[in-house]
$ cat my_file22.txt   # compact mmCIF, N, CA and C atoms
# COMPACT_ATOMS: atom_id res chain seq x y z
N MET A 28 87.24 -160.42 -35.75
CA MET A 28 85.79 -160.39 -35.60
C MET A 28 85.29 -161.79 -35.27
N ILE A 29 84.35 -161.86 -34.41
CA ILE A 29 83.73 -163.13 -34.05
C ILE A 29 82.69 -163.47 -35.11
N PRO A 30 82.67 -164.72 -35.60
CA PRO A 30 81.70 -165.11 -36.62
C PRO A 30 80.26 -164.82 -36.21
N VAL A 31 79.41 -164.56 -37.19
CA VAL A 31 78.02 -164.18 -36.94
C VAL A 31 77.30 -165.21 -36.08
N GLY A 32 77.46 -166.48 -36.36
CA GLY A 32 76.79 -167.52 -35.57
C GLY A 32 77.22 -167.49 -34.12
N ALA A 33 78.50 -167.26 -33.89
CA ALA A 33 79.01 -167.18 -32.52
C ALA A 33 78.46 -165.95 -31.82
N ARG A 34 78.35 -164.84 -32.55
CA ARG A 34 77.79 -163.63 -31.95
C ARG A 34 76.35 -163.86 -31.53
N ARG A 35 75.58 -164.57 -32.37
CA ARG A 35 74.18 -164.86 -32.02
C ARG A 35 74.10 -165.71 -30.76
N LEU A 36 74.96 -166.72 -30.68
CA LEU A 36 74.99 -167.59 -29.51
C LEU A 36 75.31 -166.77 -28.26
N LEU A 37 76.33 -165.94 -28.34
CA LEU A 37 76.70 -165.11 -27.21
C LEU A 37 75.62 -164.10 -26.86
N ARG A 38 75.02 -163.50 -27.88
CA ARG A 38 73.97 -162.50 -27.64
C ARG A 38 72.85 -163.10 -26.81
N GLY A 39 72.43 -164.32 -27.16
CA GLY A 39 71.36 -164.98 -26.42
C GLY A 39 71.75 -165.27 -24.98
N ALA A 40 72.96 -165.79 -24.80
CA ALA A 40 73.42 -166.10 -23.44
C ALA A 40 73.60 -164.84 -22.62
N LEU A 41 74.12 -163.81 -23.25
CA LEU A 41 74.39 -162.58 -22.52
C LEU A 41 73.13 -161.85 -22.13
N SER A 42 72.18 -161.77 -23.03
CA SER A 42 70.97 -161.05 -22.70
C SER A 42 70.21 -161.76 -21.59
N ALA A 43 70.26 -163.07 -21.58
CA ALA A 43 69.59 -163.83 -20.53
C ALA A 43 70.31 -163.67 -19.19
N ALA A 44 71.63 -163.51 -19.24
CA ALA A 44 72.41 -163.46 -18.01
C ALA A 44 72.69 -162.05 -17.53
N GLY A 45 72.42 -161.04 -18.33
CA GLY A 45 72.70 -159.67 -17.93
C GLY A 45 74.18 -159.35 -17.95
N LEU A 46 74.92 -159.94 -18.86
CA LEU A 46 76.35 -159.73 -18.94
C LEU A 46 76.68 -158.52 -19.81
N VAL A 47 77.84 -157.94 -19.56
CA VAL A 47 78.36 -156.85 -20.38
C VAL A 47 79.45 -157.43 -21.26
N PHE A 48 79.44 -157.09 -22.53
CA PHE A 48 80.38 -157.63 -23.50
C PHE A 48 80.98 -156.45 -24.24
N PHE A 49 82.31 -156.31 -24.21
CA PHE A 49 82.92 -155.20 -24.93
C PHE A 49 84.24 -155.62 -25.53
N ALA A 50 84.65 -154.88 -26.55
CA ALA A 50 85.93 -155.13 -27.21
C ALA A 50 87.00 -154.33 -26.48
N SER A 51 88.11 -154.97 -26.16
CA SER A 51 89.17 -154.26 -25.45
C SER A 51 90.30 -153.85 -26.38
N SER A 52 90.01 -153.73 -27.65
CA SER A 52 91.04 -153.38 -28.61
C SER A 52 91.26 -151.88 -28.71
N GLY A 53 90.35 -151.09 -28.19
CA GLY A 53 90.45 -149.65 -28.30
C GLY A 53 89.84 -149.12 -29.58
N VAL A 54 89.33 -150.00 -30.41
CA VAL A 54 88.71 -149.60 -31.67
C VAL A 54 87.21 -149.52 -31.47
N ALA A 55 86.61 -148.44 -31.94
CA ALA A 55 85.16 -148.28 -31.79
C ALA A 55 84.45 -149.40 -32.52
N HIS A 56 83.36 -149.83 -31.97
CA HIS A 56 82.56 -150.91 -32.56
C HIS A 56 81.25 -150.34 -33.04
N ASP A 57 80.80 -150.78 -34.18
CA ASP A 57 79.53 -150.33 -34.73
C ASP A 57 78.41 -151.07 -34.03
N SER A 58 77.82 -150.46 -33.02
CA SER A 58 76.81 -151.13 -32.21
C SER A 58 75.47 -151.31 -32.92
N THR A 59 75.31 -150.75 -34.12
CA THR A 59 74.05 -150.93 -34.83
C THR A 59 73.89 -152.36 -35.32
N HIS A 60 74.99 -153.11 -35.44
CA HIS A 60 74.92 -154.48 -35.92
C HIS A 60 74.91 -155.50 -34.79
N ASP A 61 75.33 -155.13 -33.62
CA ASP A 61 75.40 -156.06 -32.51
C ASP A 61 75.23 -155.27 -31.21
N PRO A 62 74.00 -155.08 -30.74
CA PRO A 62 73.76 -154.19 -29.61
C PRO A 62 74.37 -154.65 -28.29
N ILE A 63 74.80 -155.91 -28.18
CA ILE A 63 75.41 -156.39 -26.95
C ILE A 63 76.84 -155.87 -26.80
N VAL A 64 77.52 -155.66 -27.90
CA VAL A 64 78.93 -155.27 -27.85
C VAL A 64 79.04 -153.76 -27.66
N LEU A 65 79.76 -153.37 -26.64
CA LEU A 65 79.98 -151.96 -26.34
C LEU A 65 81.43 -151.62 -26.61
N SER A 66 81.70 -150.40 -27.01
CA SER A 66 83.07 -149.98 -27.20
C SER A 66 83.63 -149.50 -25.88
N ALA A 67 84.84 -149.93 -25.57
CA ALA A 67 85.51 -149.48 -24.35
C ALA A 67 86.92 -149.08 -24.73
N PRO A 68 87.15 -147.82 -25.03
CA PRO A 68 88.49 -147.41 -25.44
C PRO A 68 89.50 -147.60 -24.33
N MET A 69 90.62 -148.21 -24.67
CA MET A 69 91.68 -148.42 -23.71
C MET A 69 92.76 -147.38 -23.96
N LEU A 70 93.09 -146.63 -22.96
CA LEU A 70 94.07 -145.57 -23.08
C LEU A 70 95.46 -146.11 -22.76
N GLU A 71 96.42 -145.88 -23.64
CA GLU A 71 97.77 -146.36 -23.41
C GLU A 71 98.30 -145.86 -22.07
N GLY A 72 98.79 -146.77 -21.26
CA GLY A 72 99.39 -146.41 -20.00
C GLY A 72 98.42 -146.09 -18.88
N ASN A 73 97.15 -146.01 -19.17
CA ASN A 73 96.15 -145.69 -18.15
C ASN A 73 95.20 -146.87 -17.99
N ALA A 74 95.27 -147.53 -16.86
CA ALA A 74 94.40 -148.67 -16.63
C ALA A 74 92.98 -148.18 -16.34
N VAL A 75 92.02 -148.81 -16.98
CA VAL A 75 90.62 -148.52 -16.71
C VAL A 75 90.25 -149.15 -15.37
N PHE A 76 90.83 -150.34 -15.08
CA PHE A 76 90.63 -150.96 -13.78
C PHE A 76 91.88 -151.71 -13.37
N SER A 77 92.07 -151.84 -12.08
CA SER A 77 93.11 -152.67 -11.48
C SER A 77 92.46 -153.43 -10.34
N LEU A 78 92.41 -154.74 -10.47
CA LEU A 78 91.76 -155.60 -9.47
C LEU A 78 92.65 -156.81 -9.21
N VAL A 79 92.35 -157.53 -8.16
CA VAL A 79 93.09 -158.75 -7.82
C VAL A 79 92.30 -159.94 -8.35
N ASP A 80 93.00 -160.85 -9.06
CA ASP A 80 92.30 -162.01 -9.59
C ASP A 80 92.25 -163.15 -8.57
N HIS A 81 91.63 -164.24 -8.98
CA HIS A 81 91.40 -165.36 -8.07
C HIS A 81 92.68 -166.11 -7.70
N THR A 82 93.81 -165.75 -8.33
CA THR A 82 95.10 -166.34 -7.96
C THR A 82 95.89 -165.40 -7.05
N GLY A 83 95.37 -164.19 -6.82
CA GLY A 83 96.06 -163.20 -6.00
C GLY A 83 96.89 -162.22 -6.81
N ALA A 84 96.89 -162.37 -8.14
CA ALA A 84 97.67 -161.49 -9.01
C ALA A 84 96.90 -160.21 -9.33
N LEU A 85 97.62 -159.11 -9.45
CA LEU A 85 97.02 -157.84 -9.85
C LEU A 85 96.75 -157.89 -11.34
N ARG A 86 95.53 -157.55 -11.74
CA ARG A 86 95.14 -157.58 -13.15
C ARG A 86 94.56 -156.23 -13.52
N SER A 87 94.77 -155.84 -14.77
CA SER A 87 94.17 -154.61 -15.28
C SER A 87 93.57 -154.90 -16.65
N ASP A 88 92.86 -153.92 -17.18
CA ASP A 88 92.25 -154.09 -18.50
C ASP A 88 93.29 -154.43 -19.56
N GLY A 89 94.51 -153.95 -19.39
CA GLY A 89 95.56 -154.23 -20.37
C GLY A 89 95.86 -155.71 -20.53
N ASP A 90 95.58 -156.50 -19.49
CA ASP A 90 95.80 -157.95 -19.57
C ASP A 90 94.88 -158.62 -20.58
N PHE A 91 93.81 -157.93 -20.94
CA PHE A 91 92.82 -158.52 -21.83
C PHE A 91 92.75 -157.80 -23.17
N ARG A 92 93.69 -156.92 -23.42
CA ARG A 92 93.72 -156.13 -24.66
C ARG A 92 93.75 -157.06 -25.88
N GLY A 93 92.95 -156.72 -26.87
CA GLY A 93 92.88 -157.51 -28.09
C GLY A 93 91.88 -158.65 -28.04
N ARG A 94 91.23 -158.83 -26.91
CA ARG A 94 90.22 -159.88 -26.77
C ARG A 94 88.88 -159.21 -26.48
N TYR A 95 87.81 -159.93 -26.74
CA TYR A 95 86.49 -159.49 -26.32
C TYR A 95 86.35 -159.85 -24.85
N VAL A 96 85.77 -158.96 -24.07
CA VAL A 96 85.67 -159.16 -22.64
C VAL A 96 84.20 -159.28 -22.23
N LEU A 97 83.89 -160.37 -21.55
CA LEU A 97 82.57 -160.58 -20.97
C LEU A 97 82.68 -160.29 -19.49
N VAL A 98 81.84 -159.44 -18.97
CA VAL A 98 81.91 -159.10 -17.55
C VAL A 98 80.57 -159.43 -16.90
N TYR A 99 80.65 -160.21 -15.82
CA TYR A 99 79.47 -160.48 -15.01
C TYR A 99 79.77 -159.97 -13.61
N PHE A 100 78.91 -159.11 -13.07
CA PHE A 100 79.04 -158.60 -11.72
C PHE A 100 78.12 -159.42 -10.83
N GLY A 101 78.67 -159.97 -9.76
CA GLY A 101 77.89 -160.78 -8.84
C GLY A 101 78.67 -161.01 -7.57
N TYR A 102 78.33 -162.06 -6.85
CA TYR A 102 79.05 -162.41 -5.63
C TYR A 102 78.91 -163.90 -5.39
N THR A 103 79.87 -164.47 -4.67
CA THR A 103 79.92 -165.92 -4.52
C THR A 103 78.79 -166.48 -3.66
N ALA A 104 78.21 -165.68 -2.79
CA ALA A 104 77.11 -166.15 -1.95
C ALA A 104 75.74 -165.93 -2.60
N CYS A 105 75.74 -165.55 -3.85
CA CYS A 105 74.50 -165.33 -4.60
C CYS A 105 73.75 -166.67 -4.67
N PRO A 106 72.51 -166.73 -4.17
CA PRO A 106 71.83 -168.01 -4.05
C PRO A 106 71.49 -168.71 -5.37
N ASN A 107 71.10 -167.99 -6.39
CA ASN A 107 70.68 -168.65 -7.63
C ASN A 107 71.17 -167.96 -8.89
N THR A 108 70.92 -166.70 -9.02
CA THR A 108 71.12 -165.97 -10.26
C THR A 108 72.53 -166.06 -10.81
N CYS A 109 73.52 -165.83 -9.96
CA CYS A 109 74.91 -165.81 -10.42
C CYS A 109 75.32 -167.18 -10.98
N GLY A 110 75.00 -168.22 -10.26
CA GLY A 110 75.36 -169.56 -10.72
C GLY A 110 74.70 -169.93 -12.02
N ILE A 111 73.44 -169.56 -12.18
CA ILE A 111 72.72 -169.84 -13.43
C ILE A 111 73.35 -169.08 -14.59
N ALA A 112 73.65 -167.80 -14.36
CA ALA A 112 74.26 -166.98 -15.42
C ALA A 112 75.63 -167.51 -15.80
N LEU A 113 76.44 -167.87 -14.82
CA LEU A 113 77.80 -168.36 -15.12
C LEU A 113 77.77 -169.74 -15.76
N THR A 114 76.80 -170.54 -15.43
CA THR A 114 76.64 -171.84 -16.10
C THR A 114 76.32 -171.63 -17.57
N GLY A 115 75.40 -170.70 -17.86
CA GLY A 115 75.08 -170.37 -19.25
C GLY A 115 76.28 -169.82 -19.99
N LEU A 116 77.05 -168.98 -19.34
CA LEU A 116 78.26 -168.43 -19.94
C LEU A 116 79.24 -169.55 -20.27
N ALA A 117 79.46 -170.45 -19.33
CA ALA A 117 80.39 -171.56 -19.54
C ALA A 117 79.94 -172.45 -20.69
N GLU A 118 78.65 -172.75 -20.75
CA GLU A 118 78.13 -173.58 -21.84
C GLU A 118 78.31 -172.88 -23.18
N SER A 119 78.09 -171.58 -23.22
CA SER A 119 78.27 -170.82 -24.46
C SER A 119 79.73 -170.84 -24.90
N LEU A 120 80.63 -170.65 -23.97
CA LEU A 120 82.06 -170.68 -24.30
C LEU A 120 82.46 -172.05 -24.83
N ASP A 121 81.96 -173.10 -24.20
CA ASP A 121 82.26 -174.46 -24.66
C ASP A 121 81.75 -174.69 -26.08
N ARG A 122 80.57 -174.18 -26.39
CA ARG A 122 79.99 -174.36 -27.72
C ARG A 122 80.74 -173.57 -28.78
N LEU A 123 81.44 -172.51 -28.36
CA LEU A 123 82.20 -171.70 -29.33
C LEU A 123 83.48 -172.37 -29.78
N GLY A 124 83.94 -173.37 -29.06
CA GLY A 124 85.16 -174.08 -29.44
C GLY A 124 86.36 -173.15 -29.43
N ASP A 125 87.16 -173.18 -30.51
CA ASP A 125 88.39 -172.39 -30.59
C ASP A 125 88.13 -170.88 -30.56
N THR A 126 86.96 -170.45 -31.00
CA THR A 126 86.64 -169.02 -30.99
C THR A 126 86.62 -168.47 -29.56
N ALA A 127 86.34 -169.31 -28.58
CA ALA A 127 86.27 -168.87 -27.18
C ALA A 127 87.61 -168.32 -26.69
N ALA A 128 88.71 -168.70 -27.31
CA ALA A 128 90.03 -168.19 -26.91
C ALA A 128 90.14 -166.69 -27.13
N ARG A 129 89.28 -166.13 -27.97
CA ARG A 129 89.30 -164.69 -28.25
C ARG A 129 88.45 -163.90 -27.26
N ILE A 130 87.91 -164.61 -26.26
CA ILE A 130 87.02 -163.99 -25.28
C ILE A 130 87.63 -164.14 -23.89
N ALA A 131 87.59 -163.07 -23.11
CA ALA A 131 88.04 -163.10 -21.72
C ALA A 131 86.82 -162.96 -20.82
N PRO A 132 86.34 -164.07 -20.23
CA PRO A 132 85.19 -163.99 -19.33
C PRO A 132 85.64 -163.59 -17.92
N LEU A 133 85.04 -162.53 -17.39
CA LEU A 133 85.40 -162.03 -16.07
C LEU A 133 84.19 -162.05 -15.13
N PHE A 134 84.43 -162.50 -13.92
CA PHE A 134 83.44 -162.43 -12.85
C PHE A 134 83.98 -161.42 -11.85
N ILE A 135 83.34 -160.26 -11.75
CA ILE A 135 83.78 -159.22 -10.82
C ILE A 135 82.82 -159.19 -9.64
N THR A 136 83.35 -159.42 -8.47
CA THR A 136 82.50 -159.46 -7.28
C THR A 136 82.05 -158.06 -6.87
N VAL A 137 80.84 -158.00 -6.38
CA VAL A 137 80.31 -156.77 -5.79
C VAL A 137 80.38 -156.86 -4.26
N ASP A 138 81.03 -157.91 -3.77
CA ASP A 138 81.19 -158.13 -2.33
C ASP A 138 82.64 -158.45 -2.00
N PRO A 139 83.55 -157.48 -2.23
CA PRO A 139 84.97 -157.76 -2.03
C PRO A 139 85.34 -158.05 -0.57
N GLU A 140 84.52 -157.62 0.37
CA GLU A 140 84.80 -157.88 1.78
C GLU A 140 84.80 -159.38 2.07
N HIS A 141 83.90 -160.11 1.43
CA HIS A 141 83.80 -161.56 1.65
C HIS A 141 84.45 -162.38 0.54
N ASP A 142 84.46 -161.87 -0.66
CA ASP A 142 84.96 -162.63 -1.80
C ASP A 142 86.46 -162.40 -1.98
N THR A 143 87.22 -163.13 -1.19
CA THR A 143 88.68 -163.09 -1.25
C THR A 143 89.15 -163.83 -2.49
N PRO A 144 90.42 -163.66 -2.88
CA PRO A 144 90.93 -164.43 -4.03
C PRO A 144 90.73 -165.94 -3.85
N ALA A 145 90.97 -166.46 -2.66
CA ALA A 145 90.80 -167.90 -2.43
C ALA A 145 89.34 -168.33 -2.62
N ARG A 146 88.43 -167.53 -2.12
CA ARG A 146 87.01 -167.86 -2.28
C ARG A 146 86.59 -167.77 -3.75
N LEU A 147 87.11 -166.75 -4.44
CA LEU A 147 86.82 -166.61 -5.87
C LEU A 147 87.38 -167.79 -6.66
N ALA A 148 88.59 -168.24 -6.31
CA ALA A 148 89.21 -169.37 -7.02
C ALA A 148 88.33 -170.61 -6.93
N ASP A 149 87.82 -170.87 -5.75
CA ASP A 149 86.93 -172.02 -5.57
C ASP A 149 85.65 -171.85 -6.39
N TYR A 150 85.11 -170.64 -6.38
CA TYR A 150 83.84 -170.37 -7.05
C TYR A 150 83.97 -170.44 -8.57
N VAL A 151 84.89 -169.66 -9.16
CA VAL A 151 84.99 -169.63 -10.62
C VAL A 151 85.45 -170.97 -11.18
N GLY A 152 86.20 -171.73 -10.38
CA GLY A 152 86.66 -173.04 -10.81
C GLY A 152 85.53 -174.03 -11.03
N LYS A 153 84.38 -173.76 -10.48
CA LYS A 153 83.21 -174.64 -10.64
C LYS A 153 82.51 -174.44 -11.98
N PHE A 154 82.85 -173.35 -12.68
CA PHE A 154 82.11 -173.02 -13.89
C PHE A 154 82.90 -173.23 -15.18
N HIS A 155 84.05 -172.60 -15.30
CA HIS A 155 84.82 -172.71 -16.55
C HIS A 155 86.28 -172.40 -16.26
N PRO A 156 87.21 -173.16 -16.87
CA PRO A 156 88.63 -172.94 -16.59
C PRO A 156 89.14 -171.57 -17.06
N GLY A 157 88.47 -170.96 -18.01
CA GLY A 157 88.91 -169.66 -18.51
C GLY A 157 88.32 -168.48 -17.76
N LEU A 158 87.38 -168.73 -16.86
CA LEU A 158 86.72 -167.66 -16.12
C LEU A 158 87.69 -167.06 -15.10
N VAL A 159 87.82 -165.74 -15.12
CA VAL A 159 88.70 -165.03 -14.20
C VAL A 159 87.86 -164.33 -13.15
N GLY A 160 88.11 -164.65 -11.89
CA GLY A 160 87.43 -163.98 -10.79
C GLY A 160 88.23 -162.76 -10.37
N LEU A 161 87.56 -161.63 -10.16
CA LEU A 161 88.24 -160.40 -9.77
C LEU A 161 87.58 -159.78 -8.55
N THR A 162 88.41 -159.25 -7.68
CA THR A 162 87.93 -158.57 -6.47
C THR A 162 88.73 -157.29 -6.27
N GLY A 163 88.23 -156.43 -5.38
CA GLY A 163 88.89 -155.16 -5.13
C GLY A 163 90.23 -155.32 -4.42
N LEU A 164 91.04 -154.29 -4.53
CA LEU A 164 92.32 -154.25 -3.85
C LEU A 164 92.07 -154.04 -2.36
N PRO A 165 92.89 -154.65 -1.49
CA PRO A 165 92.67 -154.50 -0.04
C PRO A 165 92.58 -153.05 0.41
N GLU A 166 93.38 -152.15 -0.13
CA GLU A 166 93.33 -150.76 0.30
C GLU A 166 92.07 -150.04 -0.18
N ASP A 167 91.35 -150.64 -1.15
CA ASP A 167 90.09 -150.05 -1.64
C ASP A 167 88.92 -150.39 -0.74
N GLU A 168 89.07 -151.41 0.09
CA GLU A 168 87.95 -151.89 0.91
C GLU A 168 87.85 -151.06 2.18
N GLY A 169 86.61 -151.00 2.67
CA GLY A 169 86.39 -150.35 3.95
C GLY A 169 86.03 -148.98 3.77
$ encode --input "my_file22.txt" --output "structure tokens"
Amino acid sequence: MIPVGARRLLRGALSAAGLVFFASSGVAHDSTHDPIVLSAPMLEGNAVFSLVDHTGALRSDGDFRGRYVLVYFGYTACPNTCGIALTGLAESLDRLGDTAARIAPLFITVDPEHDTPARLADYVGKFHPGLVGLTGLPEDEG
């Protein structure tokens, strides 16, 4: 469990940025105490998603099992909003210190045609070293 103070910090950053935050442990979460956290059951052997990360590696939800997952949907050519939200996310992660290791921050592009792994690598690298950029599989495009 993430400490109460850390949850408050994340809740503020997330609500301002429009981020989705869920536990990838497969255990239901009591959302009455923390409305930002959503339960996302992970089914053994069945990937909820399979995307290509900013290094070109195939990633699925299983790669983040046991961690809290922050998801921001945006695109690298976003003029203002995406950068502001990701800056806030990065600052929040930095303020969490060691607790941030229990969080997997993901940036999932809504523009896979333009946001290649190389472009995502350049973009997410500007915000936080733990931020993972994800894009669609080539056969999914078009």
$ closest_residue --input "my_file22.txt" --among "A:Thr108, A:Ala131, A:Gly163, A:Arg146" --to "Asp88 in chain A" --atoms "only C-alpha atoms"
A:Ala131
$ atom_distance --input "my_file22.txt" --atom1 "atom C of Tyr99 in chain A" --atom2 "atom N of Phe134 in chain A"
5.3 Å
$ atom_distance --input "my_file22.txt" --atom1 "CA of Ile135 in chain A" --atom2 "atom N of Val159 in chain A"
8.8 Å
$ atom_distance --input "my_file22.txt" --atom1 "atom C of Phe154 in chain A" --atom2 "CA of Glu118 in chain A"
8.2 Å
$ select_by_dssp --input "my_file22.txt" --residues "range 80-139 of chain A" --states "helix (DSSP H, G or I)" --output "PyMOL selection string"
chain A and resi 88-91+108-129
$ closest_residue --input "my_file22.txt" --among "A:Gly110, A:Leu78, A:Arg122, A:Pro132" --to "Val98 in chain A" --atoms "only N, CA and C atoms"
A:Pro132
$ closest_residue --input "my_file22.txt" --among "A:Leu158, A:Cys105, A:Val151, A:Ile111" --to "Leu133 in chain A" --atoms "all atoms listed in the file"
A:Leu158
$ closest_residue --input "my_file22.txt" --among "A:Ala117, A:Leu123, A:Val75, A:Leu161" --to "Val137 in chain A" --atoms "only N, CA and C atoms"
A:Leu161
$ closest_residue --input "my_file22.txt" --among "A:Asn107, A:Thr162, A:Thr114, A:Thr126" --to "Ser77 in chain A" --atoms "only C-alpha atoms"
A:Thr162
$ residues_around --input "my_file22.txt" --residues "His141 in chain A" --least-positions-apart "5" --cutoff "9 Å" --atoms "only C-alpha atoms" --output "number ranges by chain"
A: 102-104, 146
$ closest_residue --input "my_file22.txt" --among "A:Pro106, A:Tyr150, A:Arg129, A:Leu113" --to "Arg92 in chain A" --atoms "only C-alpha atoms"
A:Arg129
$ residues_near_point --input "my_file22.txt" --point "(95.8, -157.8, -7.9)" --cutoff "12 Å" --atoms "only C-alpha atoms" --output "count of residues only"
25
$ build_atoms --input "my_file22.txt" --residues "range 77-85 of chain A" --atoms "all heavy atoms" --output "mmCIF file, in the coordinates of the input"
data_model
loop_
_atom_site.group_PDB
_atom_site.id
_atom_site.type_symbol
_atom_site.label_atom_id
_atom_site.label_comp_id
_atom_site.auth_asym_id
_atom_site.auth_seq_id
_atom_site.Cartn_x
_atom_site.Cartn_y
_atom_site.Cartn_z
ATOM 1 N N SER A 77 92.070 -151.840 -12.080
ATOM 2 C CA SER A 77 93.110 -152.670 -11.480
ATOM 3 C C SER A 77 92.460 -153.430 -10.340
ATOM 4 O O SER A 77 91.990 -152.825 -9.378
ATOM 5 C CB SER A 77 94.264 -151.825 -10.941
ATOM 6 O OG SER A 77 94.984 -151.238 -11.990
ATOM 7 N N LEU A 78 92.410 -154.740 -10.470
ATOM 8 C CA LEU A 78 91.760 -155.600 -9.470
ATOM 9 C C LEU A 78 92.650 -156.810 -9.210
ATOM 10 O O LEU A 78 93.563 -157.097 -9.987
ATOM 11 C CB LEU A 78 90.383 -156.046 -9.975
ATOM 12 C CG LEU A 78 89.354 -154.935 -10.203
ATOM 13 C CD1 LEU A 78 88.143 -155.474 -10.964
ATOM 14 C CD2 LEU A 78 88.925 -154.321 -8.888
ATOM 15 N N VAL A 79 92.350 -157.530 -8.160
ATOM 16 C CA VAL A 79 93.090 -158.750 -7.820
ATOM 17 C C VAL A 79 92.300 -159.940 -8.350
ATOM 18 O O VAL A 79 91.090 -160.046 -8.117
ATOM 19 C CB VAL A 79 93.267 -158.859 -6.287
ATOM 20 C CG1 VAL A 79 93.972 -160.162 -5.920
ATOM 21 C CG2 VAL A 79 94.052 -157.667 -5.762
ATOM 22 N N ASP A 80 93.000 -160.850 -9.060
ATOM 23 C CA ASP A 80 92.300 -162.010 -9.590
ATOM 24 C C ASP A 80 92.250 -163.150 -8.570
ATOM 25 O O ASP A 80 92.773 -163.035 -7.468
ATOM 26 C CB ASP A 80 92.870 -162.445 -10.943
ATOM 27 C CG ASP A 80 94.198 -163.192 -10.853
ATOM 28 O OD1 ASP A 80 94.652 -163.533 -9.741
ATOM 29 O OD2 ASP A 80 94.787 -163.444 -11.920
ATOM 30 N N HIS A 81 91.630 -164.240 -8.980
ATOM 31 C CA HIS A 81 91.400 -165.360 -8.070
ATOM 32 C C HIS A 81 92.680 -166.110 -7.700
ATOM 33 O O HIS A 81 92.663 -166.971 -6.840
ATOM 34 C CB HIS A 81 90.350 -166.314 -8.646
ATOM 35 C CG HIS A 81 90.753 -166.951 -9.925
ATOM 36 N ND1 HIS A 81 90.533 -166.359 -11.146
ATOM 37 C CD2 HIS A 81 91.377 -168.115 -10.175
ATOM 38 C CE1 HIS A 81 90.992 -167.145 -12.101
ATOM 39 N NE2 HIS A 81 91.514 -168.212 -11.537
ATOM 40 N N THR A 82 93.810 -165.750 -8.330
ATOM 41 C CA THR A 82 95.100 -166.340 -7.960
ATOM 42 C C THR A 82 95.890 -165.400 -7.050
ATOM 43 O O THR A 82 96.986 -165.734 -6.617
ATOM 44 C CB THR A 82 95.948 -166.671 -9.195
ATOM 45 O OG1 THR A 82 96.370 -165.451 -9.822
ATOM 46 C CG2 THR A 82 95.191 -167.551 -10.177
ATOM 47 N N GLY A 83 95.370 -164.190 -6.820
ATOM 48 C CA GLY A 83 96.060 -163.200 -6.000
ATOM 49 C C GLY A 83 96.890 -162.220 -6.810
ATOM 50 O O GLY A 83 97.523 -161.331 -6.260
ATOM 51 N N ALA A 84 96.890 -162.370 -8.140
ATOM 52 C CA ALA A 84 97.670 -161.490 -9.010
ATOM 53 C C ALA A 84 96.900 -160.210 -9.330
ATOM 54 O O ALA A 84 95.683 -160.235 -9.466
ATOM 55 C CB ALA A 84 98.022 -162.208 -10.316
ATOM 56 N N LEU A 85 97.620 -159.110 -9.450
ATOM 57 C CA LEU A 85 97.020 -157.840 -9.850
ATOM 58 C C LEU A 85 96.750 -157.890 -11.340
ATOM 59 O O LEU A 85 97.619 -158.250 -12.130
ATOM 60 C CB LEU A 85 97.961 -156.683 -9.514
ATOM 61 C CG LEU A 85 97.424 -155.283 -9.756
ATOM 62 C CD1 LEU A 85 96.202 -155.011 -8.882
ATOM 63 C CD2 LEU A 85 98.511 -154.254 -9.470
#
